[in-house]
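J.: Would you mind keeping the following structure in view while I ask a few things?
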Amino acid sequence: NDLNSVQKETRIGHETDEEVAQVKDALEKKKEENYCGSCYGAESVEGQCCNTCDDVKNAYRTKGWALSTHTHVEQCVRERVERQVRANSEEGCNLWGSLQVNKVQGNFHFAPGKSFMHAGQLIHEFLPFEVDHFNASHIIHNLGFGVQYPGIVNPLDRRIKLLEKDQSGLFQYFIKVVPTLFDHYGGNKISTNQYSVTEFFKLRNPQDQGQQGVIPGVFFIFDLSPIMVHIREQKRHTSTMHFFTNLCAIVG
């Protein structure tokens with residue numbers, strides 16, 4: 001986007017003329033060759049560059065200082081505009097991959113904004129327009145915990161949840177993960193997991209002051225069951241004699 005379109009986008013957030021000018025100045029500086037952003041007094045070594053908002057925040061954390069406001073930090077001002085433009089682009093994404101988690105209760109989620117660790121706590125940072133424009137519609141093609149074995153059923157596979165264009169809300173999936181040992185016929189063993197799920201949805205209504213705390217997104221909250229399931233795959237009849245014995249018992 002050129003600077004005129006950037007100015008148009010920033011108006012959505014009701015910025016003042018001074019703030020718009022600050023944004024344009026920050027974007028111009030980024031275009032400069034060999035750009036080296038200021039760390040605003042938090043440099044660990046002489047000549048240290050802080051080219052992103054996160055760089056400035058990390059420099060302050062290293063010093064043990066608090067960065068109470070970001071309005072004067074050009075990197076954060078620039079990032080705010082870039083995030084606002086992305087929020088208005090109405091683009092979706094396709095996610096694929098895997099992640100390792102500890103065998104304890106936890107969660108993973110997809111939500112607007114950014115998250116980071118501070119003083120041992122997970123902080124979720126977002127801007128107002130990101131929440132207002134975040135459509136949490138989603139399609140879960142496949143979600144499993146561990147290696148898939150023949151006949152396994154994942155309750156969330158092919159789950160489709162769609163919202164209207166101007167709607168936003170919170171989707172929560174409470175998952176109970178059950179450790180499973182599968183004995184394949186022939187001797188192979190697979191240590192994996194099954195799961196059951198309970199879902200919850202809360203629609204965000206910005207006009208209702210009581211729901212201002214609803215952060216739109218898709219949250220998967222999982223917990224492990226203390227019980228293990230053992231599945232053994234075997235032939236129905238181990239021998240011809242066994243087959244005839246069962247047949248005679250059925251016929252009488």
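Going by the structure tokens order, chains are called A, B, ..., each with residues numbered from 1, while ligands are numbered from 1 in the order shown.
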Could you give me, as a list in words, each residue of stretch 123-193 of chain A that DSSP assigns to strand (DSSP E) when run on this structure's backbone?

T.: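 Selecting the strand (DSSP E) positions of stretch 123-193 of chain A gives Ile123, His124, Glu125, His138, Ile139, Ile140, Arg159, Ile160, Lys161, Gly169, Leu170, Phe171, Gln172, Tyr173, Phe174, Ile175, Lys176, Val177, Val178, Pro179, Thr180, Leu181, Phe182, Asp183, Lys189, Ile190, Ser191, Thr192 and Asn193 of chain A.
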
J.: Just the residues within 6 Å of stretch 135-141 of chain A, please, counting only C-alpha atoms, with nothing from its chain fewer than 4 positions along; format it as JSON, numbers by chain.

T.: {"A": [157, 158, 159, 160, 161, 162, 163, 168, 217]}

J.: If we count only C-alpha atoms and set the cut-off at 8 Å, which residues sit around A:Pro216, ignoring sequence neighbours fewer than 5 positions away in its own chain? Please answer as a ChimeraX atom specification.

T.: /A:111-112,131,134-136,168-171,204

J.: Grab the residues selected above and save them as a compact mmCIF listing (two decimals), in the first residue's frame with C-alpha atoms.

T.:
# COMPACT_ATOMS: atom_id res chain seq x y z
CA ALA A 111 -6.77 -15.76 18.06
CA PRO A 112 -6.08 -12.16 16.98
CA VAL A 131 -10.91 -8.17 17.70
CA PHE A 134 -11.61 -11.28 13.42
CA ASN A 135 -13.93 -13.91 11.92
CA ALA A 136 -13.35 -17.21 13.70
CA SER A 168 -17.29 -12.79 15.63
CA GLY A 169 -17.14 -15.14 18.57
CA LEU A 170 -15.28 -17.57 20.75
CA PHE A 171 -15.11 -21.27 19.90
CA ARG A 204 -19.30 -11.57 20.52

J.: Find the residues near A:Ser44: any atom within 10 Å, counting only C-alpha atoms, skip ones fewer than 6 places away on the same chain, and give them as an mmCIF file with C-alpha atoms, in the first residue's frame.

T.:
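Saved result, result-v3.cif, follows:
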data_model
loop_
_atom_site.group_PDB
_atom_site.id
_atom_site.type_symbol
_atom_site.label_atom_id
_atom_site.label_comp_id
_atom_site.auth_asym_id
_atom_site.auth_seq_id
_atom_site.Cartn_x
_atom_site.Cartn_y
_atom_site.Cartn_z
ATOM 1 C CA ALA A 59 15.564 -4.787 24.927
ATOM 2 C CA TYR A 60 13.447 -3.279 27.702
ATOM 3 C CA THR A 62 16.612 -7.367 29.230
ATOM 4 C CA LYS A 63 17.143 -4.140 31.156
#

J.: Using only C-alpha atoms, can you tell me which of A:Ile250, A:Ile175, A:Cys36, A:Cys53 comes closest to A:Phe108?

T.: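 Among the listed residues, the smallest separation from A:Phe108 belongs to A:Ile175.
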